file target-v1.txt (compact mmCIF, C-alpha atoms)
# COMPACT_ATOMS: atom_id res chain seq x y z
CA MET A 11 91.16 70.35 150.12
CA ARG A 12 89.75 70.94 146.69
CA ALA A 13 86.08 71.85 147.10
CA TYR A 14 84.87 72.40 143.53
CA ASN A 15 85.45 70.14 140.65
CA ARG A 16 82.05 70.34 139.00
CA VAL A 17 81.23 72.02 135.72
CA MET A 18 80.54 75.68 136.31
CA GLY A 19 78.81 78.03 133.88
CA GLY A 20 78.61 81.79 133.53
CA ASP A 21 74.93 82.07 134.50
CA ASP A 22 75.52 81.03 138.12
CA ASP A 23 76.60 84.41 139.51
CA ALA A 24 76.02 83.52 143.16
CA GLY A 25 77.88 80.27 142.76
CA LEU A 26 80.72 82.10 141.07
CA GLN A 27 80.94 84.67 143.87
CA GLU A 28 80.97 81.88 146.42
CA PHE A 29 83.60 79.97 144.49
CA VAL A 30 85.93 82.96 144.26
CA ALA A 31 85.38 83.95 147.90
CA THR A 32 86.05 80.40 149.07
CA ARG A 33 88.99 79.58 146.88
CA TYR A 34 90.86 82.87 146.98
CA PRO A 35 92.42 82.44 150.48
CA HIS A 36 93.52 78.89 149.85
CA LEU A 37 94.89 79.59 146.42
CA ARG A 38 96.77 82.57 147.83
CA ARG A 39 98.38 80.33 150.46
CA SER A 40 99.48 77.88 147.78
CA ALA A 41 100.87 80.75 145.76
CA PHE A 42 102.62 82.11 148.83
CA LEU A 43 104.35 78.79 149.35
CA MET A 44 105.50 79.00 145.76
CA CYS A 45 106.98 82.51 146.02
CA GLY A 46 107.20 83.47 149.70
CA ASP A 47 105.64 86.89 149.05
CA TRP A 48 102.04 87.65 150.04
CA ALA A 49 101.73 90.58 147.62
CA VAL A 50 102.92 88.53 144.67
CA ALA A 51 100.76 85.61 145.73
CA GLY A 52 97.67 87.84 145.95
CA GLU A 53 98.33 89.35 142.52
CA VAL A 54 98.85 85.94 140.91
CA VAL A 55 95.68 84.48 142.39
CA GLU A 56 93.62 87.57 141.54
CA GLN A 57 94.78 87.34 137.95
CA ALA A 58 94.11 83.60 137.72
CA LEU A 59 90.61 83.89 139.17
CA ALA A 60 89.79 86.90 136.99
CA ARG A 61 90.75 84.86 133.93
CA LEU A 62 88.60 82.00 135.16
CA VAL A 63 85.63 84.32 135.74
CA THR A 64 86.06 85.81 132.27
CA ASP A 65 86.12 82.38 130.68
CA LEU A 66 83.14 81.24 132.75
CA THR A 67 81.06 84.11 131.41
CA ARG A 68 81.72 82.82 127.88
CA GLY A 69 80.78 79.22 128.63
CA PRO A 70 81.08 76.34 131.08
CA VAL A 71 84.43 75.22 132.43
CA ASP A 72 84.83 71.54 133.25
CA ASP A 73 86.95 71.80 136.37
CA PRO A 74 87.17 75.38 137.64
CA ASP A 75 89.29 74.33 140.62
CA GLY A 76 91.84 72.60 138.40
CA TYR A 77 91.74 75.57 136.04
CA ALA A 78 92.50 77.99 138.89
CA TYR A 79 95.36 75.88 140.26
CA ALA A 80 96.83 75.43 136.82
CA GLU A 81 96.72 79.19 136.20
CA VAL A 82 98.34 79.93 139.54
CA MET A 83 101.12 77.40 139.11
CA ALA A 84 101.73 78.49 135.54
CA ALA A 85 102.34 82.02 136.79
CA PHE A 86 105.60 80.92 138.40
CA PRO A 87 108.50 80.44 136.04
CA ARG A 88 109.66 76.88 135.61
CA GLY A 89 113.30 77.83 135.56
CA ARG A 90 115.31 78.63 138.65
CA SER A 91 115.44 82.27 139.64
CA ARG A 92 118.86 83.90 139.62
CA ARG A 93 118.03 85.87 142.72
CA GLU A 94 118.26 84.19 146.09
CA PRO A 95 115.18 85.12 148.13
CA VAL A 96 115.84 86.38 151.62
CA PHE A 97 113.17 85.84 154.24
CA VAL A 98 112.94 87.93 157.37
CA ALA A 99 110.80 87.62 160.46
CA PRO A 100 107.36 89.05 159.86
CA PRO A 101 106.09 91.74 162.21
CA GLY A 102 103.88 90.14 164.82
CA ASP A 103 104.04 88.50 168.17
CA PRO A 104 107.62 89.09 169.43
CA ALA A 105 107.31 86.00 171.57
CA ALA A 106 106.75 83.78 168.53
CA ASP A 107 109.87 82.21 167.05
CA PRO A 108 109.97 82.84 163.27
CA THR A 109 112.99 80.64 162.67
CA GLU A 110 111.06 77.64 161.50
CA THR A 111 108.95 79.70 159.09
CA ILE A 112 112.01 81.37 157.60
CA LEU A 113 113.90 78.10 157.25
CA LEU A 114 110.96 76.34 155.66
CA LEU A 115 110.25 79.11 153.16
CA ALA A 116 113.93 79.40 152.29
CA ALA A 117 114.17 75.66 151.81
CA LEU A 118 111.12 75.61 149.55
CA GLN A 119 112.57 78.38 147.42
CA LYS A 120 115.74 76.38 146.99
CA LEU A 121 113.83 73.58 145.28
CA ALA A 122 113.26 73.49 141.57
CA PRO A 123 109.93 75.21 140.77
CA GLN A 124 108.32 72.02 139.45
CA CYS A 125 109.45 70.12 142.47
CA ARG A 126 108.17 72.87 144.79
CA ALA A 127 104.83 72.93 142.97
CA VAL A 128 104.44 69.18 143.42
CA LEU A 129 105.18 69.42 147.15
CA VAL A 130 102.74 72.31 147.64
CA LEU A 131 99.94 70.65 145.70
CA ARG A 132 100.53 67.28 147.27
CA HIS A 133 101.23 68.13 150.90
CA TRP A 134 99.43 71.43 151.35
CA ASP A 135 96.54 71.17 148.88
CA GLY A 136 96.19 67.42 149.35
CA MET A 137 95.91 66.53 145.70
CA GLN A 138 96.46 63.06 144.33
CA PHE A 139 99.34 62.46 141.94
CA ALA A 140 96.95 62.19 138.98
CA GLU A 141 95.37 65.55 139.83
CA ILE A 142 98.77 67.18 140.16
CA ALA A 143 99.75 65.70 136.84
CA ASP A 144 96.68 67.33 135.28
CA VAL A 145 97.34 70.71 136.88
CA LEU A 146 101.01 70.83 135.99
CA GLY A 147 100.72 69.04 132.68
CA LEU A 148 103.19 66.36 133.69
CA PRO A 149 103.11 62.54 133.57
CA ALA A 150 101.98 61.04 136.89
CA GLU A 151 105.24 59.10 137.22
CA ARG A 152 107.22 62.30 136.95
CA VAL A 153 105.04 63.85 139.65
CA GLU A 154 105.84 60.97 141.99
CA GLU A 155 109.54 61.37 141.24
CA TYR A 156 109.38 65.08 141.96
CA ASP A 157 107.55 64.43 145.21
CA ALA A 158 110.12 61.96 146.43
CA ALA A 159 113.04 64.11 145.35
CA GLY A 160 111.46 67.20 146.86
CA LEU A 161 110.91 65.58 150.21
CA ARG A 162 114.48 64.31 150.29
CA ALA A 163 115.84 67.74 149.41
CA LEU A 164 113.62 69.46 151.93
CA GLY A 165 114.70 66.99 154.60
CA SER A 166 118.33 67.69 153.91
CA LEU A 167 117.74 71.43 153.95
CA VAL A 168 115.70 71.77 157.11
CA GLY A 169 116.77 68.64 158.96
CA ASP A 170 114.29 67.28 161.39
CA LEU A 171 111.61 69.75 160.36
CA VAL A 172 110.48 67.41 157.63
CA ALA A 173 110.27 63.69 157.71
CA PRO A 174 109.95 62.13 154.25
CA MET B 24 97.21 66.36 157.94
CA ASN B 25 100.74 65.01 157.60
CA GLU B 26 103.74 66.52 159.33
CA LEU B 27 104.82 68.65 156.37
CA ALA B 28 101.35 70.07 155.90
CA GLU B 29 101.22 70.88 159.57
CA ARG B 30 104.53 72.69 159.43
CA LEU B 31 103.54 74.46 156.24
CA SER B 32 100.41 75.74 157.92
CA ARG B 33 102.54 77.57 160.50
CA VAL B 34 104.02 79.64 157.70
CA PHE B 35 100.69 81.40 157.38
CA ASP B 36 100.65 82.81 160.89
CA ASP B 37 101.09 86.35 159.59
CA GLU B 38 98.83 86.01 156.62
CA PRO B 39 97.37 89.40 155.61
CA ALA B 40 93.60 89.85 155.35
CA THR B 41 92.05 89.24 151.96
CA GLY B 42 90.34 92.67 152.03
CA ASP B 43 88.34 93.33 148.88
CA ALA B 44 90.21 90.71 146.89
CA VAL B 45 87.01 89.05 145.67
CA GLU B 46 85.64 92.34 144.33
CA ALA B 47 89.03 93.00 142.78
CA VAL B 48 88.83 89.66 140.98
CA PHE B 49 85.50 90.56 139.42
CA ARG B 50 86.65 94.09 138.56
CA ARG B 51 89.68 92.66 136.82
CA ALA B 52 87.52 90.11 135.02
CA GLY B 53 85.31 92.95 133.78
CA ARG B 54 88.35 94.82 132.49
CA THR B 55 89.64 91.70 130.77
CA ARG B 56 86.25 91.08 129.19
CA ARG B 57 86.03 94.66 127.90
CA ARG B 58 89.57 94.45 126.56
CA ARG B 59 88.74 91.23 124.73
CA ILE B 60 85.63 92.84 123.21
CA ARG B 61 87.67 95.84 122.09
CA LEU B 62 90.27 93.55 120.54
CA LEU B 63 87.52 91.60 118.81
CA LEU B 64 85.98 94.79 117.42
CA LEU B 65 89.39 96.07 116.37
CA GLY B 66 90.11 92.77 114.65
CA GLY B 67 86.77 92.97 112.86
CA LEU B 68 87.48 96.54 111.82
CA ILE B 69 90.90 95.60 110.50
CA ALA B 70 89.35 92.68 108.62
CA VAL B 71 86.76 95.00 107.06
CA VAL B 72 89.44 97.49 106.05
CA LEU B 73 91.58 94.72 104.56
CA VAL B 74 88.64 93.28 102.62
CA ALA B 75 87.70 96.75 101.35
CA ALA B 76 91.28 97.44 100.34
CA ALA B 77 91.55 94.08 98.60
CA GLY B 78 88.23 94.69 96.85
CA TYR B 79 89.33 98.12 95.75
CA GLY B 80 92.61 96.70 94.47
CA LEU B 81 90.88 93.93 92.57
CA ALA B 82 88.30 96.34 91.17
CA THR B 83 91.03 98.71 90.07
CA VAL B 84 92.81 95.91 88.26
CA LEU B 85 89.82 94.12 86.79
CA ILE B 86 87.16 96.71 85.97
CA PRO B 87 89.05 98.60 83.26
CA ALA B 88 89.32 95.35 81.33
CA THR B 89 85.56 94.83 81.35
CA VAL B 90 84.37 98.42 80.94
CA SER B 91 81.59 98.95 78.42
CA SER B 92 81.98 100.70 75.13
CA ALA B 93 80.35 103.75 76.70
CA THR B 94 83.50 104.30 78.70
CA PRO B 95 86.36 103.22 76.48
CA ARG B 96 89.64 102.53 78.15
CA PRO B 97 91.91 105.49 77.59
CA ALA B 98 94.94 104.66 75.53
CA PRO B 99 98.22 106.33 76.18
CA SER B 100 98.72 109.35 74.00
CA ALA B 101 102.40 108.77 73.55
CA GLY B 102 103.19 107.57 70.07
CA ASP B 103 99.87 108.55 68.47
CA GLN B 104 100.55 111.96 67.00
CA VAL B 105 97.07 112.19 65.50
CA LEU B 106 95.50 111.65 68.89
CA ALA B 107 97.89 114.14 70.50
CA ALA B 108 97.02 116.81 67.91
CA LEU B 109 93.28 116.29 68.45
CA GLU B 110 93.63 116.52 72.21
CA ARG B 111 95.67 119.69 71.90
CA ALA B 112 93.30 121.34 69.45
CA GLY B 113 90.11 120.47 71.32
CA GLY B 114 91.36 120.52 74.88
CA ILE B 115 89.67 117.16 75.30
CA ARG B 116 90.60 113.55 75.85
CA VAL B 117 90.24 111.13 72.98
CA VAL B 118 90.82 107.40 72.75
CA PRO B 119 90.98 105.09 69.75
CA ARG B 120 87.62 103.65 68.80
CA SER B 121 87.41 100.23 67.24
CA PRO B 122 87.88 99.85 64.31
CA ALA B 123 90.47 102.44 65.15
CA ARG B 124 92.64 102.71 62.08
CA GLY B 125 93.29 101.77 58.52
CA PRO B 126 95.65 102.86 55.77
CA GLY B 127 94.87 106.58 55.62
CA TRP B 128 92.34 106.98 58.39
CA ARG B 129 91.96 106.98 62.17
CA ARG B 130 88.89 106.87 64.34
CA TYR B 131 88.57 108.10 67.92
CA THR B 132 86.04 108.50 70.68
CA ALA B 133 86.00 111.80 72.52
CA LEU B 134 85.53 111.65 76.29
CA ASP B 135 83.80 114.19 78.43
CA GLN B 136 85.04 115.33 81.81
CA ARG B 137 83.50 112.28 83.49
CA GLY B 138 85.35 109.99 81.11
CA LEU B 139 82.19 109.04 79.25
CA ALA B 140 82.03 108.80 75.48
CA HIS B 141 80.91 112.01 73.84
CA GLY B 142 80.94 111.72 70.08
CA MET B 143 83.38 110.50 67.48
CA ILE B 144 86.24 112.04 65.54
CA LEU B 145 87.38 110.83 62.12
CA VAL B 146 90.66 111.79 60.55
CA VAL B 147 91.29 110.88 56.93
CA VAL B 148 94.25 111.76 54.71
CA TYR B 149 94.53 112.08 50.95
CA THR B 150 96.95 113.30 48.40
CA VAL B 151 95.34 115.82 46.05
CA PRO B 152 97.74 117.33 43.55
CA GLY B 153 96.87 120.24 41.31
CA THR B 154 94.03 122.65 41.85
CA PHE B 155 91.73 122.22 44.78
CA CYS B 156 88.05 123.05 44.92
CA LEU B 157 86.26 122.45 48.17
CA PRO B 158 82.51 122.61 47.99
CA VAL B 159 80.31 125.43 49.28
CA LEU B 160 77.27 124.03 51.03
CA ALA B 161 74.94 126.69 49.67
CA ASP B 162 76.20 126.49 46.10
CA LYS B 163 77.33 123.23 44.63
CA SER B 164 78.95 124.91 41.66
CA ALA B 165 81.19 127.18 43.71
CA CYS B 166 84.53 126.53 45.35
CA ALA B 167 84.99 127.48 48.98
CA LEU B 168 87.17 130.43 49.80
CA LEU B 169 90.12 128.84 51.57
CA GLU B 170 91.72 130.26 54.68
CA SER B 171 95.46 130.19 55.21
CA ALA B 172 97.33 128.64 58.07
CA ALA B 173 100.94 128.34 59.15
CA GLY B 174 103.10 125.85 57.37
CA ASN B 175 101.88 126.82 53.93
CA ARG B 176 98.48 125.28 54.49
CA GLN B 177 94.99 126.17 53.37
CA TYR B 178 91.75 124.98 54.86
CA ALA B 179 88.00 125.22 54.86
CA ARG B 180 85.63 124.40 57.66
CA TYR B 181 82.03 123.29 57.83
CA SER B 182 79.44 123.04 60.53
CA TRP B 183 75.98 121.49 60.80
CA ASP B 184 74.55 122.48 64.14
CA GLN B 185 70.83 122.81 63.53
CA ASN B 186 69.87 119.14 63.73
CA VAL B 187 69.54 117.89 67.31
CA ASP B 188 69.86 114.33 66.12
CA TRP B 189 73.12 114.69 64.25
CA GLN B 190 75.50 117.61 64.47
CA VAL B 191 78.76 117.61 62.59
CA THR B 192 81.82 119.79 62.28
CA GLU B 193 84.45 119.19 59.65
CA ALA B 194 87.63 120.83 58.48
CA ILE B 195 89.66 120.01 55.40
CA ALA B 196 93.23 121.26 55.20
CA ARG B 197 95.78 120.92 52.42
CA ARG B 198 99.52 121.30 52.43
CA LEU B 199 100.20 123.30 49.31
CA PRO B 200 103.58 122.02 48.14
CA ASP B 201 102.60 118.36 47.84
CA GLY B 202 98.80 118.38 48.01
CA ARG B 203 98.76 116.30 51.14
CA THR B 204 95.23 116.78 52.50
CA VAL B 205 93.65 115.90 55.79
CA ALA B 206 90.01 115.96 56.81
CA VAL B 207 88.93 116.05 60.45
CA MET B 208 85.27 115.34 61.11
CA ALA B 209 83.66 115.39 64.56
CA THR B 210 80.14 114.22 65.31
CA GLY B 211 78.09 114.21 68.50
CA GLN B 212 75.84 111.41 69.66
CA ARG B 213 73.29 110.55 67.01
CA GLY B 214 69.57 110.17 67.51
CA THR B 215 69.41 111.26 71.13
CA GLY B 216 67.06 114.19 70.51
CA ASP B 217 69.22 116.22 72.86
CA ALA B 218 71.21 119.11 71.42
CA GLU B 219 73.81 118.89 74.17
CA THR B 220 74.71 115.27 73.55
CA ALA B 221 74.44 115.80 69.80
CA ARG B 222 77.04 118.58 69.96
CA PRO B 223 80.29 117.51 68.30
CA PRO B 224 83.35 117.22 70.55
CA LEU B 225 85.23 119.69 68.35
CA THR B 226 84.03 123.02 67.06
CA ALA B 227 84.72 123.75 63.41
CA GLN B 228 87.54 126.04 64.50
CA GLN B 229 89.06 123.33 66.67
CA ALA B 230 88.71 120.82 63.86
CA ALA B 231 90.56 123.28 61.58
CA ALA B 232 93.27 123.74 64.21
CA ALA B 233 93.75 119.99 64.34
CA ALA B 234 93.67 119.60 60.56
CA THR B 235 96.35 122.25 60.04
CA ASP B 236 98.56 120.93 62.86
CA PRO B 237 101.72 119.50 61.24
CA VAL B 238 101.93 116.96 64.06
CA LEU B 239 98.63 115.42 63.01
CA MET B 240 99.78 114.91 59.45
CA ASN B 241 103.01 113.40 60.71
CA GLY B 242 100.90 110.76 62.39
CA PHE B 243 100.31 109.19 59.00
CA ALA B 244 102.91 107.45 56.90
CA ASP B 245 103.50 109.00 53.50
CA SER B 246 102.14 105.89 51.85
CA GLU B 247 98.83 106.15 53.68
CA ARG B 248 95.90 107.68 51.79
CA CYS B 249 92.24 107.14 51.13
CA ASN B 250 92.38 108.28 47.52
CA ASP B 251 91.25 104.94 46.25
CA ALA B 252 88.02 105.05 48.27
CA THR B 253 88.50 101.56 49.51
CA PRO B 254 85.54 100.23 51.47
CA ALA B 255 87.58 100.46 54.67
CA CYS B 256 87.94 104.23 54.33
CA PRO B 257 85.12 105.94 56.25
CA ARG B 258 82.81 108.41 54.54
CA LEU B 259 82.84 112.05 55.50
CA ARG B 260 80.02 114.57 55.65
CA VAL B 261 81.89 116.64 53.05
CA ASN B 262 83.95 114.44 50.82
CA VAL B 263 87.31 115.64 49.66
CA PRO B 264 87.26 116.17 45.88
CA LEU B 265 89.99 113.96 44.54
CA THR B 266 89.61 114.84 40.91
CA GLN B 267 89.06 118.28 39.40
call {"tool": "encode", "arguments": {"input": "target-v1.txt", "output": "structure tokens"}}
result
Amino acid sequence: MRAYNRVMGGDDDAGLQEFVATRYPHLRRSAFLMCGDWAVAGEVVEQALARLVTDLTRGPVDDPDGYAYAEVMAAFPRGRSRREPVFVAPPGDPAADPTETILLLAALQKLAPQCRAVLVLRHWDGMQFAEIADVLGLPAERVEEYDAAGLRALGSLVGDLVAP
Amino acid sequence: MNELAERLSRVFDDEPATGDAVEAVFRRAGRTRRRRIRLLLLGGLIAVVLVAAAGYGLATVLIPATVSSATPRPAPSAGDQVLAALERAGGIRVVPRSPARGPGWRRYTALDQRGLAHGMILVVVYTVPGTFCLPVLADKSACALLESAAGNRQYARYSWDQNVDWQVTEAIARRLPDGRTVAVMATGQRGTGDAETARPPLTAQQAAAAATDPVLMNGFADSERCNDATPACPRLRVNVPLTQ
């Protein structure tokens, strides 16, 4: 799902606007999967993209997409949070069953942050292991281990919702 | 899309609208850029201040060691009673002037209010027992009428203030009981053609005040004297008559 991996410079204002407008929604979804809070996800992505734009005005950036993902993922602490997140049904269609959403988000939050990041980047953003390794600054083998462990843990947490 | 991705996509059913998020990104980037510029300028300012402070510190430490003879480095007054007496009598600052001293004499540079050299002061001591006849400038055969001062001292004073190229004041004082005699001579800058710079740093009255100051005489050891007119002893405008 990554659309931009070319070198981008500060002179291309239209291209920069397009990049931000295109990437913001998707990055915010990835961030939401990481934290389960749309407000936090929006703030994190806004900050990451603002930093990218600032750096782009000073000179070219090799892989703006990778830069943005790395900034977003780095915004979430690598250690486990002491607070247990509680997810509630969002206001919306009363006929829709929010159980699956709540269970999935709760299960994701139970995973170690690195493990969660690997699952999000791999299964939602569709990155290859090598790309994930670049974004997270991890060895590719470790990324594969996290992916396998994450899928197993998620399977045990949400049962038949996820098939490894 | 695999099964997990498909299930993850359902989580976004209630995704809020992005609103003006893109504009917010660029506004925040602008703020960040301005903050970075301010930090850069502040860093530069701090660097300039540090360099200036370091330069000032170095200059303060180094320049006095390399100052020219026009601005001699002031020496502490403590311990030099002759210097202290001159400063008190003239209300001026004086510093030793190289060659600054010998057995029976001292030499100083007077400083003006800006700390620049303004003339020279010579102090010479003798021991003159017996009668004492100081010359009268207008009559070489006469003896000057001596004035009295505290501490059983007598003195005479002289002044040459008509020549713009060399003006001199001098006072010669004698302690009566033992004939210990001191001469204080002050001269302005020579050969400048300017009466102001040629003016001696001490008036004749101030020179007399210094010459009769017991502290000044105490600045010399009893064994010090220029009676023998050794080459090292400087010459005065009015020489002290050592023999009658």
call {"tool": "residues_around", "arguments": {"input": "target-v1.txt", "residues": "B:Val148", "least_positions_apart": "2", "cutoff": "8 Å", "atoms": "only C-alpha atoms", "output": "ChimeraX atom specification"}}
result
/B:127-128,146,150,203-206,240,243,247-249
call {"tool": "write_last_selection", "arguments": {"input": "target-v1.txt", "atoms": "C-alpha atoms", "output": "PDB file, in the frame of the given file"}}
result
ATOM      1  CA  GLY B 127      94.870 106.580  55.620  1.00  0.00           C
ATOM      2  CA  TRP B 128      92.340 106.980  58.390  1.00  0.00           C
ATOM      3  CA  VAL B 146      90.660 111.790  60.550  1.00  0.00           C
ATOM      4  CA  THR B 150      96.950 113.300  48.400  1.00  0.00           C
ATOM      5  CA  ARG B 203      98.760 116.300  51.140  1.00  0.00           C
ATOM      6  CA  THR B 204      95.230 116.780  52.500  1.00  0.00           C
ATOM      7  CA  VAL B 205      93.650 115.900  55.790  1.00  0.00           C
ATOM      8  CA  ALA B 206      90.010 115.960  56.810  1.00  0.00           C
ATOM      9  CA  MET B 240      99.780 114.910  59.450  1.00  0.00           C
ATOM     10  CA  PHE B 243     100.310 109.190  59.000  1.00  0.00           C
ATOM     11  CA  GLU B 247      98.830 106.150  53.680  1.00  0.00           C
ATOM     12  CA  ARG B 248      95.900 107.680  51.790  1.00  0.00           C
ATOM     13  CA  CYS B 249      92.240 107.140  51.130  1.00  0.00           C
TER      14      CYS B 249
END
call {"tool": "residues_around", "arguments": {"input": "target-v1.txt", "residues": "B:Ala234", "least_positions_apart": "5", "cutoff": "7 Å", "atoms": "all atoms listed in the file", "output": "ChimeraX atom specification"}}
result
/B:194-196,205-207,239
call {"tool": "interface_residues", "arguments": {"input": "target-v1.txt", "of": "chain A", "to": "chain B", "cutoff": "6 Å", "atoms": "only C-alpha atoms", "output": "list in words"}}
result
Ala31, Glu56, Ala60, Thr64, Thr111, His133, Trp134 and Val172 of chain A
call {"tool": "axis_aligned_box", "arguments": {"input": "target-v1.txt", "around": "stretch 30-40 of chain A", "padding_each_side": "4 Å", "output": "JSON"}}
result
{"center_x": 92.4, "center_y": 80.9, "center_z": 147.4, "size_x": 22.1, "size_y": 14.1, "size_z": 14.2}
call {"tool": "residues_near_point", "arguments": {"input": "target-v1.txt", "point": "(85.1, 117.5, 63.7)", "cutoff": "9 Å", "atoms": "all atoms listed in the file", "output": "list in words"}}
result
Met143, Ile144, Leu145, Val146, Tyr181, Ser182, Val191, Thr192, Glu193, Ala194, Ala206, Val207, Met208, Ala209, Thr210, Pro223, Pro224, Leu225, Thr226, Ala227, Gln228, Gln229, Ala230 and Ala231 of chain B
call {"tool": "closest_residue", "arguments": {"input": "target-v1.txt", "among": "A:Gly25, A:Pro87, A:Pro149, A:Gly76", "to": "A:Arg126", "atoms": "all atoms listed in the file"}}
result
A:Pro87
call {"tool": "residues_around", "arguments": {"input": "target-v1.txt", "residues": "B:Val187", "least_positions_apart": "5", "cutoff": "7 Å", "atoms": "all atoms listed in the file", "output": "VMD selection string"}}
result
chain B and resid 216 to 218 221
call {"tool": "residues_around", "arguments": {"input": "target-v1.txt", "residues": "B:Asp201", "least_positions_apart": "4", "cutoff": "10 Å", "atoms": "only C-alpha atoms", "output": "list in words"}}
result
Thr150, Val151, Pro152, Gly153 and Arg197 of chain B
call {"tool": "write_last_selection", "arguments": {"input": "target-v1.txt", "atoms": "C-alpha atoms", "output": "PDB file, in the coordinates of the input"}}
result
ATOM      1  CA  THR B 150      96.950 113.300  48.400  1.00  0.00           C
ATOM      2  CA  VAL B 151      95.340 115.820  46.050  1.00  0.00           C
ATOM      3  CA  PRO B 152      97.740 117.330  43.550  1.00  0.00           C
ATOM      4  CA  GLY B 153      96.870 120.240  41.310  1.00  0.00           C
ATOM      5  CA  ARG B 197      95.780 120.920  52.420  1.00  0.00           C
TER       6      ARG B 197
END
call {"tool": "atom_distance", "arguments": {"input": "target-v1.txt", "atom1": "atom CA of A:Cys45", "atom2": "atom CA of A:Gly147"}}
result
20.0 Å
call {"tool": "residues_around", "arguments": {"input": "target-v1.txt", "residues": "A:Ala84", "least_positions_apart": "4", "cutoff": "10 Å", "atoms": "only C-alpha atoms", "output": "list in words"}}
result
Val54, Ala58, Ala78, Tyr79, Ala80, Arg88, Ala127, Val145, Leu146 and Gly147 of chain A
call {"tool": "write_last_selection", "arguments": {"input": "target-v1.txt", "atoms": "C-alpha atoms", "output": "mmCIF file, keeping the file's coordinate frame"}}
result
data_model
loop_
_atom_site.group_PDB
_atom_site.id
_atom_site.type_symbol
_atom_site.label_atom_id
_atom_site.label_comp_id
_atom_site.auth_asym_id
_atom_site.auth_seq_id
_atom_site.Cartn_x
_atom_site.Cartn_y
_atom_site.Cartn_z
ATOM 1 C CA VAL A 54 98.850 85.940 140.910
ATOM 2 C CA ALA A 58 94.110 83.600 137.720
ATOM 3 C CA ALA A 78 92.500 77.990 138.890
ATOM 4 C CA TYR A 79 95.360 75.880 140.260
ATOM 5 C CA ALA A 80 96.830 75.430 136.820
ATOM 6 C CA ARG A 88 109.660 76.880 135.610
ATOM 7 C CA ALA A 127 104.830 72.930 142.970
ATOM 8 C CA VAL A 145 97.340 70.710 136.880
ATOM 9 C CA LEU A 146 101.010 70.830 135.990
ATOM 10 C CA GLY A 147 100.720 69.040 132.680
#
call {"tool": "atom_distance", "arguments": {"input": "target-v1.txt", "atom1": "atom CA of B:Ser171", "atom2": "atom CA of B:Pro200"}}
result
13.5 Å
call {"tool": "closest_residue", "arguments": {"input": "target-v1.txt", "among": "A:Leu114, A:Leu26, A:Ala122, A:Val130", "to": "A:Ser40", "atoms": "only C-alpha atoms"}}
result
A:Val130
call {"tool": "atom_distance", "arguments": {"input": "target-v1.txt", "atom1": "atom CA of A:Ala85", "atom2": "atom CA of A:Asp73"}}
result
18.5 Å
